[in-house]
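For reference, entry.txt (compact mmCIF, C-alpha atoms):
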# COMPACT_ATOMS: atom_id res chain seq x y z
CA MET P 1 88.97 58.12 150.44
CA LYS P 2 90.01 54.62 151.41
CA TYR P 3 91.97 56.02 154.38
CA VAL P 4 89.02 58.12 155.55
CA TYR P 5 86.79 55.03 155.48
CA LEU P 6 89.39 53.01 157.37
CA LEU P 7 89.80 55.73 159.99
CA CYS P 8 86.03 56.04 160.46
CA ALA P 9 85.68 52.27 160.81
CA MET P 10 88.45 52.15 163.42
CA LEU P 11 86.87 54.98 165.42
CA PHE P 12 83.45 53.34 165.28
CA TYR P 13 84.70 49.94 166.42
CA SER P 14 86.86 51.40 169.17
CA SER P 15 83.90 53.39 170.54
CA VAL P 16 81.73 50.26 170.49
CA SER P 17 84.37 48.29 172.36
CA LEU P 18 84.71 51.06 174.93
CA ALA P 19 80.96 50.91 175.58
CA SER P 20 81.06 47.28 176.72
CA VAL P 21 82.89 45.41 179.45
CA VAL P 22 83.69 41.69 179.50
CA GLU P 23 82.68 40.00 182.75
CA SER P 24 82.88 36.45 184.03
CA CYS P 25 81.96 34.67 187.21
CA PRO P 26 84.48 35.49 189.95
CA ARG P 27 86.88 32.81 191.15
CA ALA P 28 85.76 31.33 194.49
CA GLU P 29 88.87 32.61 196.27
CA THR P 30 88.10 36.22 195.28
CA VAL P 31 84.66 36.17 196.94
CA THR P 32 84.68 37.72 200.40
CA LEU P 33 82.27 36.83 203.20
CA ARG P 34 81.41 39.44 205.80
CA ASN P 35 78.41 39.30 208.17
CA GLY P 36 76.58 36.76 205.99
CA ILE P 37 77.04 38.78 202.77
CA TYR P 38 79.16 37.41 199.93
CA THR P 39 80.67 39.99 197.56
CA ALA P 40 83.20 40.01 194.74
CA PRO P 41 84.44 42.80 192.51
CA ALA P 42 83.34 43.00 188.88
CA ASN P 43 85.20 44.52 185.94
CA ALA P 44 82.66 47.32 185.36
CA SER P 45 83.28 50.24 187.70
CA ALA P 46 79.78 50.40 189.25
CA ALA P 47 79.17 46.64 189.27
CA GLU P 48 79.66 43.88 191.83
CA TRP P 49 78.74 40.28 192.52
CA ILE P 50 76.59 39.76 195.62
CA ALA P 51 74.68 37.10 197.57
CA VAL P 52 73.17 36.71 201.02
CA ALA P 53 73.94 33.54 202.97
CA SER P 54 70.88 31.36 203.55
CA ALA P 55 72.57 29.01 206.04
CA PRO P 56 72.46 29.98 209.74
CA THR P 57 76.26 29.98 209.78
CA ALA P 58 77.78 31.23 206.53
CA SER P 59 80.62 29.20 205.06
CA PRO P 60 83.37 30.35 202.67
CA LEU P 61 83.05 29.36 199.02
CA LYS P 62 85.24 26.51 197.81
CA THR P 63 84.41 25.73 194.18
CA PHE P 64 82.69 27.22 191.15
CA GLU P 65 79.91 24.94 189.90
CA ALA P 66 78.06 26.65 187.02
CA ALA P 67 76.69 29.87 185.53
CA VAL P 68 73.19 30.52 184.18
CA PHE P 69 72.28 33.02 181.44
CA TYR P 70 68.72 33.91 180.37
CA PRO P 71 68.30 34.79 176.66
CA ALA P 72 66.19 37.79 175.65
CA ASN P 73 62.52 37.05 174.91
CA ASN P 74 63.02 33.47 176.13
CA GLU P 75 64.40 32.53 172.69
CA ALA P 76 67.68 31.02 171.52
CA GLY P 77 70.34 33.65 171.07
CA SER P 78 73.42 35.07 172.73
CA THR P 79 71.81 38.31 173.97
CA GLY P 80 70.04 38.47 177.33
CA ARG P 81 71.14 38.70 180.95
CA ILE P 82 73.24 36.71 183.38
CA GLY P 83 71.13 34.90 185.95
CA TYR P 84 73.70 33.83 188.51
CA CYS P 85 76.97 32.04 189.19
CA GLU P 86 76.67 28.99 191.43
CA TYR P 87 79.28 27.93 193.99
CA ARG P 88 79.71 25.16 196.53
CA ALA P 89 80.59 26.36 200.02
CA ALA P 90 82.85 24.63 202.54
CA ASP P 91 79.76 23.25 204.33
CA ARG P 92 78.68 21.66 200.97
CA SER P 93 75.73 24.06 200.51
CA LEU P 94 75.18 25.83 197.19
CA LEU P 95 75.15 29.60 196.81
CA ASN P 96 74.18 31.78 193.84
CA LEU P 97 76.08 35.03 193.29
CA HIS P 98 74.12 37.65 191.35
CA TYR P 99 75.58 40.32 189.09
CA ASN P 100 74.56 43.83 190.12
CA ASN P 101 75.30 46.62 187.65
CA PRO P 102 73.14 49.75 187.93
CA ASP P 103 74.56 51.04 184.62
CA ALA P 104 73.42 48.02 182.57
CA SER P 105 69.89 48.01 181.20
CA GLY P 106 67.61 45.00 180.75
CA ASP P 107 68.98 42.52 178.23
CA ALA P 108 72.27 44.38 177.71
CA MET P 109 74.47 41.29 177.98
CA THR P 110 75.91 39.00 175.32
CA LEU P 111 77.63 35.63 175.68
CA VAL P 112 81.33 35.86 174.81
CA GLU P 113 82.44 32.22 174.95
CA ALA P 114 79.24 30.84 173.39
CA ARG P 115 80.74 27.37 172.85
CA ASN P 116 80.91 26.92 176.66
CA TRP P 117 77.20 27.61 177.13
CA LYS P 118 74.60 24.88 176.52
CA MET P 119 70.92 25.76 176.04
CA TYR P 120 68.19 24.09 178.08
CA THR P 121 64.44 24.56 178.45
CA SER P 122 62.83 24.02 181.86
CA GLY P 123 59.62 22.06 182.37
CA PHE P 124 57.81 25.41 182.53
CA GLY P 125 59.19 26.53 179.15
CA LEU P 126 61.90 28.84 180.50
CA ALA P 127 64.91 28.94 178.16
CA PHE P 128 68.35 29.30 179.71
CA TYR P 129 72.00 28.64 179.00
CA GLU P 130 74.28 26.87 181.47
CA CYS P 131 78.07 27.02 181.55
CA ASN P 132 79.96 24.29 183.41
CA SER P 133 83.49 25.33 182.47
CA SER P 134 86.04 24.49 185.16
CA ASP P 135 87.54 27.95 184.58
CA THR P 136 85.25 30.86 185.50
CA ASN P 137 86.71 32.87 182.61
CA GLY P 138 85.12 30.32 180.28
CA CYS P 139 81.71 31.58 181.43
CA SER P 140 82.19 35.11 180.19
CA PHE P 141 79.74 37.67 178.85
CA SER P 142 79.92 41.29 177.75
CA VAL P 143 77.86 44.10 179.23
CA ARG P 144 76.78 47.15 177.23
CA ASN P 145 76.51 50.23 179.38

Structure rendered as structure tokens:
Amino acid sequence: MKYVYLLCAMLFYSSVSLASVVESCPRAETVTLRNGIYTAPANASAAEWIAVASAPTASPLKTFEAAVFYPANNEAGSTGRIGYCEYRAADRSLLNLHYNNPDASGDAMTLVEARNWKMYTSGFGLAFYECNSSDTNGCSFSVRN
């Protein structure tokens, strides 16, 4: 009976892990710029990172600055959705890449490296987490599909 329980537990946990994908902000050098549109691949098959240049002349991204995550129900907790990843471009402007995954529903994301995320509350009462890790992999989250 012990072996049956162990086998069932292993199957359950493996199916749960298959249903989620770990994502992180893309490295600046992996972001491509074409016709004023910034894109980068994501780990999930149907997902991508995307932004539209706001400057008249778009500039390539140079450095990762931060990531922002919004917790579910505007309350402390590691479940919610990624807001954006912020980068500094060669012309010193800031650009926010947004995560687009048509297979992910609402608040289907969970912080993975929670120690790298610090919670803040805006003047309007909006709760959010910010990650300032120098390594984009430090700002990771999982997505349940």

Could you state the separation of atom CA of Tyr70 of chain P and atom CA of Glu130 of chain P in Å, given to one decimal place?
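Computing the Euclidean distance for atom CA of Tyr70 of chain P and atom CA of Glu130 of chain P yields 9.0 Å.
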
So how many Å separate atom CA of Ser142 of chain P and atom CA of Val31 of chain P, to one decimal?
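Calculated distance between atom CA of Ser142 of chain P and atom CA of Val31 of chain P is 20.4 Å.
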
What would the list of residues within 12 Å of (61.4, 42.7, 179.9) (file frame) look like as number ranges by chain, if all atoms listed in the file are what count?
P: 70-74, 80-81, 105-108

Here is a test: counting all atoms listed in the file, which residue of P:Phe141, P:Ala76, P:Ala28, P:Pro41 is nearest to Pro60 of chain P?
P:Ala28

Take the point (74.0, 22.7, 202.9) in the file's coordinates, draw a sphere of radius 12 Å around it, and report as JSON, numbers by chain every protein, DNA or RNA residue with an atom inside or on it, counting all atoms listed in the file.
{"P": [53, 54, 55, 56, 57, 58, 59, 61, 87, 88, 89, 90, 91, 92, 93, 94, 95]}

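Atom CA of Glu48 of chain P to atom CA of Glu23 of chain P spans 10.3 Å [interatomic distance, one decimal].
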
Using all atoms listed in the file for the distances, tell me which of P:Ser134, P:Asn145, P:Ser45, P:Ser24 is nearest to Glu113 of chain P.
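Result for the nearest residue to Glu113 of chain P: P:Ser24.
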